[in-house]
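Peer 1: Before I ask anything, here is the structure I am working with.
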Amino acid sequence: MAGETCCHAGGTSPTTRLRVESTRVLLDVRSPGGSVVFERIELALRVGGVDLADGASLVRSTERVVRDTWRAHVGKAIGPHAYEHVEIVHELRAGSGQHWQVHVRQAPDGVAWRYALADLQGHASLDADLTTVPLDGLDRAWVLDYQTWYETPRVGADLPLAPSANGFGLPVLLRRGADPEQYVLITESAIDGRFSGAHLDIGADVARFVLADPAVEITRGIVTPWRVLVLGTLARVVETLLVDELAPAARPPLDAAGWTRPGRAAWSWWSDFYSGAQLDHQRRFVDGAAELGWEHLLIDCGWDATWVPDIVSYAARRGIQVHLWTVWHDLDGPEKLARLALWRSWGVAGIKVDFMESESKDRYRWYDTVLAETARLGLMVNFHGSVIPRGWARTWPHVVSYEAIRGAEYYVFYQGAPLSPAHNVIQPFTRNVLGSMDYTPVAFSAPERRTSDAHELALAVVYESGITHFADDVEVYRSRPEVARFLSELAPGWDRTLLLSGTPDTEAVLARRAGDRWFVGGIATGRGRTLTVPLARLGNGPWQAWIVTDAPSDPPSDPASDSGPARLVAETSVVSGHLRVDIANEGGFVAILAPADTELFRAAPRPTRPPVEVSPAVQILSDDGLAELRAEAGASLRLAPGWRAWPPEPTEPTRWRVQAPSTLLPGEVGVVTVERAGGDVPVVGHARIVAPLGAGVHTLSALGLTAFTNESGPAERDQSNGGGNPCDGQRMRVGGEEFDDGFGVSTPSRLTLHLGGRAARLDVRVGIDDETPGTSATARVLGDGAELAAVELTAGERAHELTVDLSGVDELVLRTEPPARGASADPAADAAADTSAYTAAHVDWAAGRIHGLGSATSGK
């Protein structure tokens with residue numbers, strides 16, 4: 001039987017009407033004023049080979065008002081949000097007898113629907129989403145060719161679109177030609193491991209949803225995410241929170257998530273690909289971030305567990321939190337997932353997890369697991385190589401950003417101009433509408449870029465990310481006065497976001513409020529011109545304004561022709577009503593607006609707080625697995641999984657006892673983190689506790705390091721050094737002889753092991769790996785600072801055999817340095833020496849064996 005139902009939403013929202021006609025179930029959408037927005041959206045699923053719309057009849061429709069509140073921790077507007085939707089549940093019966101439902105939401109900024117099978121018995125196969133959205137009256141679209149990690153360029157094109165073999169990725173923005181102030185953004189919301197993602201196939205007349213999986217196993221209940229249409233002006237599209245409103249609420253107490261901290265991050269990978277392996281390089285970025293007042297440090301590929309606790313404590317003294325990069329499959333499965341708890345025990349604040357590159361149901365189940373575990377541990381998450389946001393900002397408020405954008409990293413991988421100003425201008429109207437976007441902006445050093453300097457700087461405002469990771473070296477920013485000032489003043493998070501002017505084809509000017517100040521950013525494509533930006537939506541003026549633009553040039557310059565210092569100028573003025581700004585070719589601008597009677601500039605460097613004292617810094621466990629620490633009164637301990645601690649007694653408030661897990665291997669290094677609360681983040685210190693070697697022979701490369709430095713990349717285990725990346729070496733080969741185990745280093749280097757007086761001797765073969773012919777080096781073995789052995793090495797020679805007495809030695813150091821450097825064991829001498837002309841030798845400490853003792857022989 002045919003039927004229909006129509007529902008209203010108090011005159012402020014679009015209205016919908018569901019109709020059943022023959023073999024079709026149709027949804028019509030009208031504007032609050034009653035005009036047609038969409039007519040004949042066809043709703044259908046194919047389940048178990050059956051089209052549920054075929055012969056369908058409407059059983060009943062029920063309506064309710066959904067009112068709720070939620071708190072955003074990152075995004076367009078941090079803080080509490082209230083919303084009201086009308087929800088209509090349409091119950092239908094297929095010609096086959098199968099009952100199914102369409103849930104429809106009507107909201108002030110759009111409509112959404114999803115499908116459910118409330119009485120499904122057992123399992124079934126969802127073979128296809130047969131929904132079609134008609135394109136009548138729509139004349140232009142902004143799309144990207146679909147890719148499961150959403151990193152193809154976004155472009156604008158008139159309808160009908162040229163066919164795409166892969167379809168088009170969400171979101172898709174469409175313009176209604178009859179009313180150019182009316183736009184439609186098509187996307188999804190509320191996805192989890194029950195579903196696969198979807199994209200669009202856009203033909204001449206309709207758009208169809210296409211599932212990422214050929215078929216999805218379903219059970220009773222909701223069987224698709226929300227299909228979402230954001231409707232209205234460009235300002236409504238840009239400012240909408242509908243995708244988050246449709247998502248499930250966060251579970252208490254995650255809703256509070258006070259440890260989710262928006263902000264700005266220093267990030268060294270873009271400017272120096274191998275810098276993630278260098279502790280000193282990361283310290284320099286902490287120093288730069290602290291001077292600029294930023295909140296975070298991201299360490300990308302190459303970090304090593306040996307020194308991560310050191311950079312965490314170094315950064316924490318400046319109120320800066322450390323985030324670590326990882327690959328998704330390194331967290332796949334229970335044993336690998338336990339790494340998250342280990343990293344959190346060091347004081348790490350978050351992770352950047354990469355290369356998921358899938359929209360399958362199985363991958364979404366992986367997301368579910370990682371989201372739940374990071375929430376339990378209090379770790380912020382930044383997803384790269386990822387899907388687009390679909391409402392996790394509400395459900396999982398510790399997700400601070402996603403990539404899903406062709407961003408500045410493409411300058412690293414591709415020659416030419418992989419990012420166009422037109423691509424940039426489209427993003428605020430499409431991808432960034434859905435949620436935080438880790439484009440990694442402000443890449444002044446990008447080769448062959450087409451954007452002007454002010455365009456690059458404006459990306460810091462125009463684009464929103466819960467944590468904004470700035471691409472360039474901190475020294476690039478610190479050396480440019482206007483840039484350093486602006487990025488210092490830039491707020492860590494936003495109270496409100498407004499679109500002031502622009503279109504996806506011309507320019508985007510956004511204003512974001514933090515407290516009583518507005519930060520305005522504009523980016524444009526095309527020739528230079530004057531922008532007149534209305535300010536009425538910001539409130540009553542006048543405003544004192546600090547405006548940064550491109551310096552004028554005669555004739556106008558091409559941004560790609562000059563990779564030197566940023567050519568920017570700044571001026572301070574009083575404005576009201578509108579802002580008039582002259583922009584350069586492919587240009588932009590930034591501005592800070594503050595009430596006339598307030599301070600315009602308020603930034604300050606981050607202070608350095610006293611360190612947390614913990615002693616001893618390194619020690620050997622007792623034979624029964626116990627250790628004793630001294631830490632300042634009132635401090636707390638953070639332990640790795642399996643460790644236990646006994647709090648201090650009132651009579652000894654600084655004495656802690658800890659016990660290691662029985663699974664700790666001989667020579668393995670455990671880390672205990674000591675925290676002092678206060679300030680933005682706790683100040684932390686670390687103690688390293690080493691399992692004793694015990695009697696017998698131990699493979700050198702199987703033992704834990706308490707510290708290392710290395711000329712290029714990490715020190716490698718059981719392979720040559722290779723280069724700057726971790727695990728990039730080959731099988732060790734010295735003078736044609738191959739070795740199965742050892743440490744591969746690049747000179748100069750220094751490896752430190754703590755023996756605690758529990759070793760008798762070291763047997764090792766040392767030489768220059770055949771991968772660096774024509775080089776030379778000196779290798780030294782030090783015990784408690786005294787030189788125990790030294791040998792000059794030349795590439796091509798066979799490995800030198802060393803036997804070194806370690807009786808009573810607490811700290812063992814294996815060191816390499818350029819040749820003819822004297823016999824000094826002072827590390828400062830290495831730093832002072834000029835090695836700029838030296839070709840680094842890759843040295844192998846191969847086939848090393850340490851002979852352990854059965855019990856302690858040293859009281860040290």
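Naming works like this for the structure tokens: A, B, ... for the chains as they're shown, residue 1 at the start of each chain, ligands 1 onward in shown order.
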Would you list the contacts of region 695-706 of chain A as a PyMOL selection string, taking every protein, DNA or RNA residue within 8 Å and counting only C-alpha atoms, but skipping same-chain residues closer than 2 positions in sequence?

Peer 2: chain A and resi 306-307+666-669+688+693+708+717-718+741-743+751-754+847-855

Peer 1: Restricted to N, CA and C atoms, what would the selected residues look like written as an mmCIF file, in the first residue's frame?

Peer 2:
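Okay, again_9.cif is ready:
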data_model
loop_
_atom_site.group_PDB
_atom_site.id
_atom_site.type_symbol
_atom_site.label_atom_id
_atom_site.label_comp_id
_atom_site.auth_asym_id
_atom_site.auth_seq_id
_atom_site.Cartn_x
_atom_site.Cartn_y
_atom_site.Cartn_z
ATOM 1 N N THR A 306 64.604 4.857 24.117
ATOM 2 C CA THR A 306 65.700 5.151 25.036
ATOM 3 C C THR A 306 65.640 6.586 25.553
ATOM 4 N N TRP A 307 65.314 7.547 24.671
ATOM 5 C CA TRP A 307 65.398 8.948 25.083
ATOM 6 C C TRP A 307 64.070 9.686 25.131
ATOM 7 N N PRO A 666 66.811 -9.828 31.554
ATOM 8 C CA PRO A 666 68.127 -9.347 31.990
ATOM 9 C C PRO A 666 68.618 -8.210 31.103
ATOM 10 N N GLY A 667 69.047 -7.122 31.739
ATOM 11 C CA GLY A 667 69.536 -5.969 31.002
ATOM 12 C C GLY A 667 68.460 -5.041 30.473
ATOM 13 N N GLU A 668 67.197 -5.416 30.594
ATOM 14 C CA GLU A 668 66.105 -4.569 30.117
ATOM 15 C C GLU A 668 65.951 -3.364 31.043
ATOM 16 N N VAL A 669 65.599 -2.217 30.441
ATOM 17 C CA VAL A 669 65.493 -0.966 31.185
ATOM 18 C C VAL A 669 64.024 -0.608 31.376
ATOM 19 N N ARG A 688 65.534 5.399 35.705
ATOM 20 C CA ARG A 688 65.675 4.176 34.909
ATOM 21 C C ARG A 688 66.146 3.058 35.840
ATOM 22 N N LEU A 693 72.003 -8.542 35.059
ATOM 23 C CA LEU A 693 72.321 -9.508 34.012
ATOM 24 C C LEU A 693 72.249 -10.947 34.503
ATOM 25 N N PHE A 708 71.671 7.210 24.290
ATOM 26 C CA PHE A 708 72.528 7.111 23.120
ATOM 27 C C PHE A 708 72.463 8.419 22.345
ATOM 28 N N ARG A 717 69.722 -2.030 15.973
ATOM 29 C CA ARG A 717 70.017 -3.317 16.598
ATOM 30 C C ARG A 717 70.010 -4.420 15.543
ATOM 31 N N ASP A 718 71.076 -5.184 15.523
ATOM 32 C CA ASP A 718 71.198 -6.366 14.676
ATOM 33 C C ASP A 718 71.116 -6.045 13.183
ATOM 34 N N ASP A 741 74.305 -10.189 14.785
ATOM 35 C CA ASP A 741 73.825 -9.323 15.854
ATOM 36 C C ASP A 741 74.866 -8.259 16.171
ATOM 37 N N GLY A 742 74.379 -7.197 16.797
ATOM 38 C CA GLY A 742 75.252 -6.098 17.187
ATOM 39 C C GLY A 742 74.509 -4.772 17.100
ATOM 40 N N PHE A 743 75.212 -3.700 17.386
ATOM 41 C CA PHE A 743 74.691 -2.337 17.245
ATOM 42 C C PHE A 743 75.318 -1.708 16.006
ATOM 43 N N LEU A 751 76.845 5.024 22.939
ATOM 44 C CA LEU A 751 75.869 4.101 23.506
ATOM 45 C C LEU A 751 76.192 3.894 24.978
ATOM 46 N N THR A 752 75.173 4.022 25.835
ATOM 47 C CA THR A 752 75.389 3.884 27.274
ATOM 48 C C THR A 752 74.534 2.737 27.810
ATOM 49 N N LEU A 753 75.189 1.813 28.529
ATOM 50 C CA LEU A 753 74.506 0.700 29.188
ATOM 51 C C LEU A 753 74.849 0.744 30.675
ATOM 52 N N HIS A 754 73.895 0.405 31.516
ATOM 53 C CA HIS A 754 74.129 0.374 32.955
ATOM 54 C C HIS A 754 74.255 -1.082 33.395
ATOM 55 N N ALA A 847 78.635 -8.958 17.172
ATOM 56 C CA ALA A 847 78.849 -10.211 17.920
ATOM 57 C C ALA A 847 79.291 -9.941 19.347
ATOM 58 N N GLY A 848 78.717 -8.901 19.958
ATOM 59 C CA GLY A 848 79.102 -8.552 21.318
ATOM 60 C C GLY A 848 78.498 -9.492 22.346
ATOM 61 N N ARG A 849 79.298 -9.865 23.324
ATOM 62 C CA ARG A 849 78.832 -10.720 24.402
ATOM 63 C C ARG A 849 79.336 -10.155 25.734
ATOM 64 N N ILE A 850 78.396 -10.019 26.677
ATOM 65 C CA ILE A 850 78.773 -9.579 28.019
ATOM 66 C C ILE A 850 78.601 -10.768 28.957
ATOM 67 N N HIS A 851 79.631 -11.031 29.716
ATOM 68 C CA HIS A 851 79.613 -12.145 30.655
ATOM 69 C C HIS A 851 79.134 -11.610 31.999
ATOM 70 N N GLY A 852 77.930 -12.035 32.407
ATOM 71 C CA GLY A 852 77.334 -11.546 33.637
ATOM 72 C C GLY A 852 77.760 -12.332 34.850
ATOM 73 N N LEU A 853 77.552 -11.704 36.019
ATOM 74 C CA LEU A 853 77.870 -12.332 37.292
ATOM 75 C C LEU A 853 76.587 -12.818 37.957
ATOM 76 N N GLY A 854 76.724 -13.766 38.823
ATOM 77 C CA GLY A 854 75.553 -14.337 39.489
ATOM 78 C C GLY A 854 74.996 -13.465 40.587
ATOM 79 N N SER A 855 75.778 -12.559 41.147
ATOM 80 C CA SER A 855 75.293 -11.704 42.230
ATOM 81 C C SER A 855 76.083 -10.415 42.197
#

Peer 1: As an MDAnalysis selection string, which residues of region 289-510 of chain A does DSSP assign to strand (DSSP E)?

Peer 2: chainID A and resid 296:299 321:327 350:354 380:383 399:402 467:469 496:503 507:510

Peer 1: May I have all residues of region 290-486 of chain A that DSSP, computed from the backbone, assigns to helix (DSSP H, G or I), given as a PyMOL selection string?

Peer 2: chain A and resi 290-292+308-316+328-331+334-337+339-345+361-377+392-395+410-413+421-429+431-433+453-462+474-478+481-486

Peer 1: Mind dumping a table of every region 691-762 of chain A residue within 12 Å of region 270-288 of chain A, with the nearest atom pair and its distance in Å to one decimal, using only C-alpha atoms, sorted by chain and rising number, as CSV?

Peer 2:
residue,atom,partner,partner_atom,distance
A:Ala707,CA,A:Leu279,CA,10.2
A:Phe708,CA,A:Leu279,CA,9.1
A:Thr709,CA,A:Gln278,CA,7.6
A:Asn710,CA,A:Gln278,CA,7.7
A:Glu711,CA,A:Gln278,CA,8.4
A:Ser712,CA,A:Tyr274,CA,7.6
A:Gly713,CA,A:Ala277,CA,4.8
A:Pro714,CA,A:Ala277,CA,5.5
A:Ala715,CA,A:Ala277,CA,9.1
A:Glu716,CA,A:Ala277,CA,11.3
A:Gly723,CA,A:Tyr274,CA,8.8
A:Gly724,CA,A:Tyr274,CA,5.1
A:Asn725,CA,A:Tyr274,CA,6.3
A:Pro726,CA,A:Ala277,CA,7.9
A:Cys727,CA,A:Ala277,CA,11.5
A:Asp728,CA,A:Tyr274,CA,11.8
A:Ser749,CA,A:Gln278,CA,11.6

Peer 1: Please produce an output containing C-alpha atoms for each residue in the selection, written as a compact mmCIF listing (two decimals), in the first residue's frame.

Peer 2:
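Here's the written file part16.txt:
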# COMPACT_ATOMS: atom_id res chain seq x y z
CA ALA A 707 71.11 6.73 26.61
CA PHE A 708 72.53 7.11 23.12
CA THR A 709 73.53 9.72 20.58
CA ASN A 710 74.05 8.94 16.91
CA GLU A 711 75.05 11.01 13.89
CA SER A 712 72.16 9.86 11.69
CA GLY A 713 68.97 8.24 12.86
CA PRO A 714 68.73 5.84 15.76
CA ALA A 715 71.33 3.30 16.77
CA GLU A 716 70.21 0.11 15.03
CA GLY A 723 70.76 6.04 7.37
CA GLY A 724 68.32 8.39 9.03
CA ASN A 725 65.27 6.15 9.25
CA PRO A 726 64.75 3.52 11.94
CA CYS A 727 65.30 -0.07 10.84
CA ASP A 728 66.74 0.99 7.47
CA SER A 749 77.97 8.08 18.38

Peer 1: One number please: CA of Val671 (chain A) to CA of Arg376 (chain A), in Å, one decimal.

Peer 2: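 Distance reported for this atom pair: 20.7 Å.
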
Peer 1: Ala56 (chain A): which residues within 12 Å, counting only C-alpha atoms, same-chain residues fewer than 5 positions away excluded, as number ranges by chain?

Peer 2: A: 1-3, 19-26, 43-45, 50-51, 90-101

Peer 1: Would you save the residues from that selection as a PDB file, in the first residue's frame, using N, CA and C atoms?

Peer 2:
ATOM      1  N   MET A   1       0.847  -1.175   0.000  1.00  0.00           N
ATOM      2  CA  MET A   1       0.000   0.000   0.000  1.00  0.00           C
ATOM      3  C   MET A   1       0.884   1.227   0.000  1.00  0.00           C
ATOM      4  N   ALA A   2       0.431   2.272  -0.657  1.00  0.00           N
ATOM      5  CA  ALA A   2       1.153   3.532  -0.668  1.00  0.00           C
ATOM      6  C   ALA A   2       0.780   4.320   0.559  1.00  0.00           C
ATOM      7  N   GLY A   3       1.649   5.280   0.931  1.00  0.00           N
ATOM      8  CA  GLY A   3       1.367   6.130   2.066  1.00  0.00           C
ATOM      9  C   GLY A   3       2.348   7.264   2.108  1.00  0.00           C
ATOM     10  N   ARG A  19       7.186   9.428   1.171  1.00  0.00           N
ATOM     11  CA  ARG A  19       6.112   8.879   0.335  1.00  0.00           C
ATOM     12  C   ARG A  19       6.516   7.501  -0.169  1.00  0.00           C
ATOM     13  N   VAL A  20       5.513   6.643  -0.356  1.00  0.00           N
ATOM     14  CA  VAL A  20       5.743   5.339  -0.970  1.00  0.00           C
ATOM     15  C   VAL A  20       4.967   5.304  -2.267  1.00  0.00           C
ATOM     16  N   GLU A  21       5.675   5.125  -3.354  1.00  0.00           N
ATOM     17  CA  GLU A  21       5.053   5.057  -4.667  1.00  0.00           C
ATOM     18  C   GLU A  21       5.536   3.802  -5.377  1.00  0.00           C
ATOM     19  N   SER A  22       4.645   2.886  -5.553  1.00  0.00           N
ATOM     20  CA  SER A  22       4.962   1.657  -6.275  1.00  0.00           C
ATOM     21  C   SER A  22       6.174   0.972  -5.673  1.00  0.00           C
ATOM     22  N   THR A  23       7.285   0.940  -6.386  1.00  0.00           N
ATOM     23  CA  THR A  23       8.487   0.253  -5.883  1.00  0.00           C
ATOM     24  C   THR A  23       9.494   1.214  -5.298  1.00  0.00           C
ATOM     25  N   ARG A  24       9.110   2.447  -5.012  1.00  0.00           N
ATOM     26  CA  ARG A  24      10.063   3.433  -4.512  1.00  0.00           C
ATOM     27  C   ARG A  24       9.591   4.035  -3.198  1.00  0.00           C
ATOM     28  N   VAL A  25      10.556   4.264  -2.296  1.00  0.00           N
ATOM     29  CA  VAL A  25      10.307   5.027  -1.073  1.00  0.00           C
ATOM     30  C   VAL A  25      11.017   6.359  -1.251  1.00  0.00           C
ATOM     31  N   LEU A  26      10.268   7.457  -1.178  1.00  0.00           N
ATOM     32  CA  LEU A  26      10.767   8.774  -1.561  1.00  0.00           C
ATOM     33  C   LEU A  26      10.734   9.725  -0.382  1.00  0.00           C
ATOM     34  N   LEU A  43      14.995   6.224  -1.152  1.00  0.00           N
ATOM     35  CA  LEU A  43      15.549   5.547   0.020  1.00  0.00           C
ATOM     36  C   LEU A  43      15.409   4.041  -0.163  1.00  0.00           C
ATOM     37  N   ALA A  44      16.508   3.325  -0.067  1.00  0.00           N
ATOM     38  CA  ALA A  44      16.438   1.869  -0.239  1.00  0.00           C
ATOM     39  C   ALA A  44      17.757   1.230   0.165  1.00  0.00           C
ATOM     40  N   LEU A  45      17.660  -0.029   0.604  1.00  0.00           N
ATOM     41  CA  LEU A  45      18.819  -0.879   0.864  1.00  0.00           C
ATOM     42  C   LEU A  45      18.609  -2.202   0.151  1.00  0.00           C
ATOM     43  N   VAL A  50      17.876  -8.656  -1.586  1.00  0.00           N
ATOM     44  CA  VAL A  50      16.520  -8.138  -1.749  1.00  0.00           C
ATOM     45  C   VAL A  50      16.519  -6.622  -1.599  1.00  0.00           C
ATOM     46  N   ASP A  51      15.910  -5.928  -2.564  1.00  0.00           N
ATOM     47  CA  ASP A  51      15.713  -4.479  -2.479  1.00  0.00           C
ATOM     48  C   ASP A  51      14.530  -4.227  -1.552  1.00  0.00           C
ATOM     49  N   HIS A  90      10.204   6.176  10.495  1.00  0.00           N
ATOM     50  CA  HIS A  90       9.255   5.611   9.537  1.00  0.00           C
ATOM     51  C   HIS A  90       9.459   4.098   9.501  1.00  0.00           C
ATOM     52  N   GLU A  91       8.407   3.352   9.844  1.00  0.00           N
ATOM     53  CA  GLU A  91       8.474   1.887   9.810  1.00  0.00           C
ATOM     54  C   GLU A  91       7.829   1.401   8.523  1.00  0.00           C
ATOM     55  N   LEU A  92       8.558   0.555   7.805  1.00  0.00           N
ATOM     56  CA  LEU A  92       8.106   0.074   6.506  1.00  0.00           C
ATOM     57  C   LEU A  92       8.159  -1.443   6.468  1.00  0.00           C
ATOM     58  N   ARG A  93       7.357  -2.002   5.545  1.00  0.00           N
ATOM     59  CA  ARG A  93       7.388  -3.444   5.299  1.00  0.00           C
ATOM     60  C   ARG A  93       7.713  -3.645   3.836  1.00  0.00           C
ATOM     61  N   ALA A  94       8.792  -4.393   3.572  1.00  0.00           N
ATOM     62  CA  ALA A  94       9.174  -4.694   2.196  1.00  0.00           C
ATOM     63  C   ALA A  94       8.205  -5.679   1.586  1.00  0.00           C
ATOM     64  N   GLY A  95       8.202  -5.759   0.261  1.00  0.00           N
ATOM     65  CA  GLY A  95       7.353  -6.748  -0.414  1.00  0.00           C
ATOM     66  C   GLY A  95       7.684  -8.161   0.012  1.00  0.00           C
ATOM     67  N   SER A  96       8.932  -8.379   0.444  1.00  0.00           N
ATOM     68  CA  SER A  96       9.345  -9.699   0.917  1.00  0.00           C
ATOM     69  C   SER A  96       8.851 -10.001   2.326  1.00  0.00           C
ATOM     70  N   GLY A  97       8.256  -9.001   2.985  1.00  0.00           N
ATOM     71  CA  GLY A  97       7.799  -9.169   4.364  1.00  0.00           C
ATOM     72  C   GLY A  97       8.773  -8.643   5.400  1.00  0.00           C
ATOM     73  N   GLN A  98      10.013  -8.296   4.990  1.00  0.00           N
ATOM     74  CA  GLN A  98      11.014  -7.788   5.922  1.00  0.00           C
ATOM     75  C   GLN A  98      10.617  -6.394   6.419  1.00  0.00           C
ATOM     76  N   HIS A  99      10.614  -6.194   7.735  1.00  0.00           N
ATOM     77  CA  HIS A  99      10.379  -4.875   8.304  1.00  0.00           C
ATOM     78  C   HIS A  99      11.690  -4.094   8.324  1.00  0.00           C
ATOM     79  N   TRP A 100      11.616  -2.822   8.002  1.00  0.00           N
ATOM     80  CA  TRP A 100      12.786  -1.956   8.042  1.00  0.00           C
ATOM     81  C   TRP A 100      12.348  -0.556   8.406  1.00  0.00           C
ATOM     82  N   GLN A 101      13.307   0.266   8.771  1.00  0.00           N
ATOM     83  CA  GLN A 101      13.011   1.609   9.251  1.00  0.00           C
ATOM     84  C   GLN A 101      13.919   2.634   8.577  1.00  0.00           C
TER      85      GLN A 101
END

Peer 1: Taking 2 positions as the minimum chain separation for residues in the same chain, which residues sit within 6 Å of region 786-803 of chain A when counting only C-alpha atoms? Answer as a ChimeraX atom specification.

Peer 2: /A:734-735,762-768,773-784

Peer 1: Find the residues around Ala524 (chain A) up to 6 Å (only C-alpha atoms counted), leave out those fewer than 3 positions away in its own chain, and share them as a ChimeraX atom specification.

Peer 2: /A:506-507,586-588

Peer 1: Could those residues be written to a file, using N, CA and C atoms, as a compact mmCIF listing (two decimals), in the first residue's frame?

Peer 2:
# COMPACT_ATOMS: atom_id res chain seq x y z
N THR A 506 36.78 31.61 -4.92
CA THR A 506 37.48 32.90 -4.92
C THR A 506 38.34 33.12 -3.69
N GLU A 507 37.72 33.23 -2.53
CA GLU A 507 38.47 33.45 -1.30
C GLU A 507 37.66 32.95 -0.11
N GLU A 586 47.45 35.32 -5.47
CA GLU A 586 47.34 34.08 -4.67
C GLU A 586 47.63 34.40 -3.20
N GLY A 587 47.08 35.50 -2.73
CA GLY A 587 47.52 36.05 -1.46
C GLY A 587 46.58 35.80 -0.31
N GLY A 588 46.75 36.61 0.74
CA GLY A 588 45.95 36.47 1.94
C GLY A 588 46.34 37.52 2.95

Peer 1: Considering only C-alpha atoms, can you say which of A:Asp300, A:Glu239, A:Asp453, A:Glu613 comes closest to Thr673 (chain A)?

Peer 2: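 Looking at the shortest contact to Thr673 (chain A), the residue is A:Glu613.
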
Peer 1: I want to know what sits within 8 Å of Ser636 (chain A), based on only C-alpha atoms, with residues of the same chain fewer than 5 positions away left out; could you give that as an MDAnalysis selection string?

Peer 2: chainID A and resid 674:676

Peer 1: Tell me which protein, DNA and RNA residues are within 7 Å of Val590 (chain A), counting only C-alpha atoms, leaving out same-chain ones fewer than 2 positions away, and put them as a list of chain:residue names.

Peer 2: A:Ala458, A:Val520, A:Gly521, A:Gly522, A:Ile547, A:Val548, A:Thr549

Peer 1: Emit the selected residues as a short mmCIF file (atom, residue, chain, number, x, y, z; two decimals), in the first residue's frame, including N, CA and C atoms.

Peer 2:
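Generated file (selection_31.cif):
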data_model
loop_
_atom_site.label_atom_id
_atom_site.label_comp_id
_atom_site.auth_asym_id
_atom_site.auth_seq_id
_atom_site.Cartn_x
_atom_site.Cartn_y
_atom_site.Cartn_z
N ALA A 458 48.05 32.93 6.84
CA ALA A 458 46.61 32.95 7.12
C ALA A 458 46.03 31.55 7.30
N VAL A 520 41.35 36.96 12.55
CA VAL A 520 40.76 36.92 11.21
C VAL A 520 41.82 36.47 10.23
N GLY A 521 41.47 35.54 9.36
CA GLY A 521 42.39 35.08 8.33
C GLY A 521 41.67 35.00 7.00
N GLY A 522 42.36 35.42 5.96
CA GLY A 522 41.81 35.34 4.62
C GLY A 522 42.81 34.75 3.65
N ILE A 547 47.12 44.17 11.42
CA ILE A 547 46.88 43.49 10.15
C ILE A 547 48.22 43.19 9.50
N VAL A 548 48.39 41.94 9.05
CA VAL A 548 49.62 41.51 8.37
C VAL A 548 49.25 41.08 6.96
N THR A 549 49.93 41.68 5.99
CA THR A 549 49.69 41.36 4.58
C THR A 549 51.02 41.17 3.87
#

Peer 1: With only C-alpha atoms as the atoms that count, which of A:Tyr439, A:Tyr150, A:Trp346, A:Trp294 lies nearest to Arg606 (chain A)?

Peer 2: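 Distance minimum relative to Arg606 (chain A) lands on A:Trp294.
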
Peer 1: Just checking: using only C-alpha atoms, which residue out of A:Val312, A:Ala256, A:His199, A:Tyr414 ends up closest to Glu448 (chain A)?

Peer 2: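 Closest to Glu448 (chain A), using only C-alpha atoms: A:Tyr414.
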
Peer 1: With only C-alpha atoms as the basis for distance, which of A:Arg264, A:Arg317, A:Lys361, A:Arg517 is at the shortest distance from Thr468 (chain A)?

Peer 2: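 The answer is A:Arg264, which sits nearest to Thr468 (chain A).
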
Peer 1: How far is it from CA of Ile299 (chain A) to CA of Trp325 (chain A), in Å with one decimal?

Peer 2: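 Interatomic distance, CA of Ile299 (chain A) to CA of Trp325 (chain A): 6.2 Å.
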
Peer 1: When you count only C-alpha atoms, which of these residues is closest to Ala759 (chain A): A:Pro692, A:Pro542, A:Pro248, A:Gly435?

Peer 2: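 Of all the options, A:Pro692 lies closest to Ala759 (chain A).
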